[in-house]
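Quick look at data_23.cif (mmCIF, C-alpha atoms):
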```cif
data_structure
#
loop_
_atom_site.label_atom_id
_atom_site.label_comp_id
_atom_site.auth_asym_id
_atom_site.auth_seq_id
_atom_site.Cartn_x
_atom_site.Cartn_y
_atom_site.Cartn_z
CA MET A 1 0.00 0.00 0.00
CA LEU A 2 2.85 2.35 0.84
CA VAL A 3 4.31 1.82 -2.65
CA VAL A 4 0.98 2.75 -4.25
CA VAL A 5 0.67 5.93 -2.19
CA ALA A 6 4.28 6.85 -2.97
CA ALA A 7 3.65 6.29 -6.69
CA ILE A 8 0.61 8.55 -6.66
CA VAL A 9 2.40 11.29 -4.72
CA ALA A 10 5.41 11.10 -7.06
CA TRP A 11 3.20 11.29 -10.15
CA ILE A 12 1.25 14.28 -8.82
CA ALA A 13 4.48 16.02 -7.88
CA ALA A 14 5.90 15.41 -11.36
CA THR A 15 2.82 16.62 -13.22
CA GLY A 16 1.87 19.51 -10.96
CA PRO A 17 -1.28 20.36 -9.03
CA GLY A 18 -4.55 21.16 -10.71
CA HIS A 19 -3.80 19.35 -13.96
CA THR A 20 -6.78 17.02 -13.79
CA SER A 21 -9.43 19.40 -15.05
CA SER A 22 -7.41 21.79 -17.16
CA THR A 23 -9.10 22.77 -20.38
CA ALA A 24 -7.22 26.01 -20.90
CA ALA A 25 -5.42 26.45 -24.20
CA GLY A 26 -3.04 23.55 -24.52
CA GLY A 27 -4.29 21.81 -21.37
CA PRO A 28 -5.48 18.22 -21.51
CA ARG A 29 -9.17 17.42 -21.55
CA SER A 30 -10.29 14.51 -19.41
CA ALA A 31 -12.04 11.52 -20.94
CA ALA A 32 -15.77 11.42 -20.19
CA MET A 33 -18.59 8.98 -20.95
CA GLY A 34 -20.37 9.71 -24.21
CA LYS A 35 -17.82 12.32 -25.27
CA PRO A 36 -15.13 12.08 -27.93
CA ALA A 37 -11.97 10.49 -26.60
CA PRO A 38 -9.37 13.20 -25.91
CA ALA A 39 -6.45 13.44 -28.31
CA GLY A 40 -3.00 12.58 -27.09
CA SER A 41 0.03 10.69 -28.27
CA PHE A 42 1.61 7.39 -27.43
CA THR A 43 4.60 5.48 -28.75
CA THR A 44 4.12 1.88 -29.83
CA VAL A 45 6.64 -0.83 -28.98
CA THR A 46 7.67 -0.71 -32.65
CA GLY A 47 8.63 2.97 -32.26
CA ARG A 48 5.68 4.59 -34.06
CA THR A 49 4.10 7.66 -32.50
CA LEU A 50 0.32 7.62 -32.79
CA ASP A 51 -2.52 9.80 -31.56
CA VAL A 52 -5.70 8.48 -29.99
CA THR A 53 -7.65 10.18 -32.78
CA ALA A 54 -5.96 7.76 -35.23
CA LEU A 55 -7.86 4.93 -33.51
CA ARG A 56 -11.18 6.10 -34.93
CA GLY A 57 -12.78 3.75 -37.41
CA HIS A 58 -12.67 0.69 -35.12
CA PRO A 59 -14.06 0.07 -31.65
CA THR A 60 -11.09 0.11 -29.28
CA LEU A 61 -10.34 -1.04 -25.77
CA LEU A 62 -7.92 1.71 -24.68
CA TRP A 63 -6.27 0.41 -21.53
CA PHE A 64 -3.71 2.15 -19.30
CA VAL A 65 -1.53 0.03 -17.02
CA ALA A 66 1.33 0.21 -14.57
CA THR A 67 3.49 -2.75 -15.60
CA TRP A 68 4.41 -3.60 -12.01
CA CYS A 69 0.74 -3.86 -10.98
CA PRO A 70 -0.47 -7.45 -10.27
CA ALA A 71 -4.02 -6.63 -11.48
CA CYS A 72 -2.55 -5.31 -14.74
CA GLN A 73 -0.53 -8.47 -15.17
CA SER A 74 -3.68 -10.57 -14.66
CA GLY A 75 -5.55 -8.27 -17.03
CA THR A 76 -2.92 -8.77 -19.71
CA ARG A 77 -3.39 -12.51 -19.38
CA ALA A 78 -7.21 -12.08 -19.62
CA VAL A 79 -6.97 -9.85 -22.69
CA ALA A 80 -4.74 -12.39 -24.42
CA ARG A 81 -7.18 -15.17 -23.55
CA HIS A 82 -10.18 -13.21 -24.91
CA LEU A 83 -8.53 -11.48 -27.86
CA ASP A 84 -10.35 -13.66 -30.42
CA GLU A 85 -13.72 -12.71 -28.92
CA LEU A 86 -12.84 -9.03 -28.95
CA GLU A 87 -11.62 -9.30 -32.55
CA ALA A 88 -14.90 -11.05 -33.50
CA HIS A 89 -16.70 -7.86 -32.42
CA GLY A 90 -14.25 -5.68 -34.33
CA VAL A 91 -12.59 -4.43 -31.13
CA ARG A 92 -8.85 -3.92 -31.08
CA VAL A 93 -6.91 -3.54 -27.86
CA VAL A 94 -4.46 -0.71 -27.20
CA GLU A 95 -2.58 -1.42 -23.95
CA LEU A 96 -0.44 1.49 -22.83
CA GLU A 97 2.02 1.79 -20.00
CA LEU A 98 1.17 4.89 -18.00
CA PHE A 99 3.73 7.69 -18.33
CA ASP A 100 6.89 6.86 -16.39
CA ASN A 101 5.11 3.76 -15.03
CA LEU A 102 3.64 6.07 -12.34
CA GLY A 103 7.14 6.61 -10.98
CA GLN A 104 7.85 2.98 -10.14
CA PRO A 105 10.27 0.52 -11.70
CA GLY A 106 8.82 -2.35 -13.64
CA PRO A 107 9.11 -4.26 -16.86
CA SER A 108 8.46 -2.56 -20.18
CA VAL A 109 4.99 -2.98 -21.63
CA ALA A 110 6.53 -5.33 -24.23
CA GLU A 111 8.01 -7.50 -21.48
CA LEU A 112 4.66 -7.47 -19.67
CA ALA A 113 2.82 -8.63 -22.80
CA ARG A 114 5.41 -11.28 -23.63
CA SER A 115 5.28 -12.66 -20.08
CA TYR A 116 1.51 -12.64 -19.61
CA GLY A 117 0.18 -12.59 -23.18
CA GLY A 118 2.26 -15.49 -24.43
CA ALA A 119 1.75 -16.42 -28.06
CA ARG A 120 -0.70 -13.53 -28.56
CA TYR A 121 2.17 -11.04 -28.27
CA GLY A 122 2.53 -9.34 -31.65
CA ASP A 123 -1.10 -9.86 -32.71
CA PRO A 124 -2.04 -6.95 -35.03
CA HIS A 125 -5.26 -6.37 -33.05
CA TRP A 126 -3.29 -5.81 -29.83
CA ILE A 127 -1.26 -2.60 -29.95
CA LEU A 128 1.23 -2.06 -27.14
CA GLY A 129 2.90 1.18 -26.24
CA THR A 130 3.73 3.91 -23.75
CA ALA A 131 1.47 6.89 -23.07
CA SER A 132 2.79 10.43 -23.11
CA ALA A 133 2.49 12.52 -19.95
CA ARG A 134 -0.35 14.50 -21.54
CA LEU A 135 -2.25 11.36 -22.54
CA THR A 136 -1.79 9.89 -19.05
CA ARG A 137 -3.18 13.07 -17.47
CA ALA A 138 -6.18 13.11 -19.80
CA TYR A 139 -7.18 9.49 -19.20
CA ASP A 140 -5.86 8.81 -15.72
CA PRO A 141 -5.92 12.08 -13.74
CA ARG A 142 -6.16 10.23 -10.42
CA ALA A 143 -3.23 7.91 -11.19
CA TYR A 144 -5.13 4.65 -11.07
CA LEU A 145 -2.92 1.65 -11.75
CA ASP A 146 -5.36 -0.01 -14.14
CA ILE A 147 -8.05 1.90 -16.08
CA TYR A 148 -9.63 1.29 -19.45
CA TYR A 149 -11.98 3.00 -21.87
CA LEU A 150 -14.09 1.24 -24.46
CA LEU A 151 -14.34 3.54 -27.47
CA ASP A 152 -16.84 3.15 -30.29
CA ALA A 153 -15.78 3.40 -33.94
CA ARG A 154 -16.42 7.17 -33.89
CA GLY A 155 -13.96 7.56 -31.03
CA ARG A 156 -16.54 8.23 -28.31
CA VAL A 157 -16.12 6.86 -24.79
CA ARG A 158 -18.82 4.21 -24.22
CA PHE A 159 -17.61 2.43 -21.10
CA VAL A 160 -15.01 3.06 -18.41
CA GLY A 161 -13.73 0.42 -16.06
CA SER A 162 -10.81 -1.18 -14.31
CA SER A 163 -9.25 -4.61 -14.10
CA PRO A 164 -10.08 -6.48 -17.31
CA ALA A 165 -9.32 -9.73 -15.49
CA ALA A 166 -12.33 -9.09 -13.25
CA THR A 167 -14.57 -7.26 -15.72
CA MET A 168 -14.04 -9.14 -18.99
CA PRO A 169 -17.70 -10.30 -19.16
CA ALA A 170 -18.81 -6.65 -19.07
CA ILE A 171 -16.21 -5.69 -21.68
CA LEU A 172 -17.38 -8.47 -23.99
CA ASP A 173 -21.04 -7.58 -23.43
CA ARG A 174 -20.41 -3.95 -24.32
CA ALA A 175 -18.18 -4.95 -27.25
CA ARG A 176 -21.16 -6.85 -28.71
CA SER A 177 -23.22 -3.67 -28.62
CA LEU A 178 -20.54 -1.81 -30.59
CA SER A 179 -20.38 -4.27 -33.49
#
```

The structure in this file should be written as structure tokens.
Amino acid sequence: MLVVVAAIVAWIAATGPGHTSSTAAGGPRSAAMGKPAPAGSFTTVTGRTLDVTALRGHPTLLWFVATWCPACQSGTRAVARHLDELEAHGVRVVELELFDNLGQPGPSVAELARSYGGARYGDPHWILGTASARLTRAYDPRAYLDIYYLLDARGRVRFVGSSPAATMPAILDRARSLS
């Protein structure tokens, strides 16, 4: 518990106070149900820089993880196990390490996926990467270790949750409604 509190304090100190609701020019906009997913960049494990807006056109499970988090590790295993079902509903998975891993050491997101995703690592419907500081602030202003957003094909937030290992039935149910 102390490690979690220290990680949150370190992340807040690094990003500054008051950043969670900033909408001033240049400030990040927080993700909200029914609204367009905020723009922001991430770098894939292959080195490409993408923006969340580039995900439009396909329903997407946009998931932010701390790679040292046991629930995230279990969630990676669950996503790998259910990837075929998600793909059947047209949903791709974008799993992103939170900026600076919330200030804690841990494996890279690629190492996490290799360890817990097994043979599914490298699947074209499972994009892995690292979120920028701005993207992390927009989607995880409270520094949760494990938070996801289910986006429809138009890039609107349709469902927000945590711990895919525990909530996969709800993810799959909502994925059906998007296809």

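Among the candidate residues A:Arg137, A:Arg77, A:His89, A:Arg120, the one lying nearest to A:Leu102 is A:Arg137, with distances computed using only C-alpha atoms.
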
For A:Arg142, the nearest of the candidates A:Phe42, A:Leu55, A:Gly90, A:Leu98, counting all atoms listed in the file
A:Leu98

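A straight line drawn from atom CA of A:Ile127 to atom CA of A:Thr67 is 15.1 Å long.
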
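Atom CA of A:Ser108 is positioned 16.2 Å from atom CA of A:Ala133.
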
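Distances to A:Gly118 were evaluated for A:Asp152, A:Gln73, A:Val157, A:Glu87 using only C-alpha atoms, and the minimum falls at A:Gln73.
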
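Taking atom CA of A:Arg56 and atom CA of A:Val93 as the two end points, the separation is 12.7 Å.
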
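Nearest residue to A:Val91 among A:Val45, A:Ala31, A:Leu178, A:Leu145 is A:Leu178, counting only C-alpha atoms.
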
If you apply the PyMOL selection byres ((chain A and resi 75) around 9) to this file, what residues do you get, as a PDB file with C-alpha atoms, keeping the file's coordinate frame?
```pdb
ATOM      1  CA  PRO A  70      -0.470  -7.450 -10.270  1.00  0.00           C
ATOM      2  CA  ALA A  71      -4.020  -6.630 -11.480  1.00  0.00           C
ATOM      3  CA  CYS A  72      -2.550  -5.310 -14.740  1.00  0.00           C
ATOM      4  CA  GLN A  73      -0.530  -8.470 -15.170  1.00  0.00           C
ATOM      5  CA  SER A  74      -3.680 -10.570 -14.660  1.00  0.00           C
ATOM      6  CA  THR A  76      -2.920  -8.770 -19.710  1.00  0.00           C
ATOM      7  CA  ARG A  77      -3.390 -12.510 -19.380  1.00  0.00           C
ATOM      8  CA  ALA A  78      -7.210 -12.080 -19.620  1.00  0.00           C
ATOM      9  CA  VAL A  79      -6.970  -9.850 -22.690  1.00  0.00           C
ATOM     10  CA  ALA A  80      -4.740 -12.390 -24.420  1.00  0.00           C
ATOM     11  CA  TYR A 116       1.510 -12.640 -19.610  1.00  0.00           C
ATOM     12  CA  ASP A 146      -5.360  -0.010 -14.140  1.00  0.00           C
ATOM     13  CA  SER A 163      -9.250  -4.610 -14.100  1.00  0.00           C
ATOM     14  CA  PRO A 164     -10.080  -6.480 -17.310  1.00  0.00           C
ATOM     15  CA  ALA A 165      -9.320  -9.730 -15.490  1.00  0.00           C
ATOM     16  CA  ALA A 166     -12.330  -9.090 -13.250  1.00  0.00           C
ATOM     17  CA  MET A 168     -14.040  -9.140 -18.990  1.00  0.00           C
TER      18      MET A 168
END
```
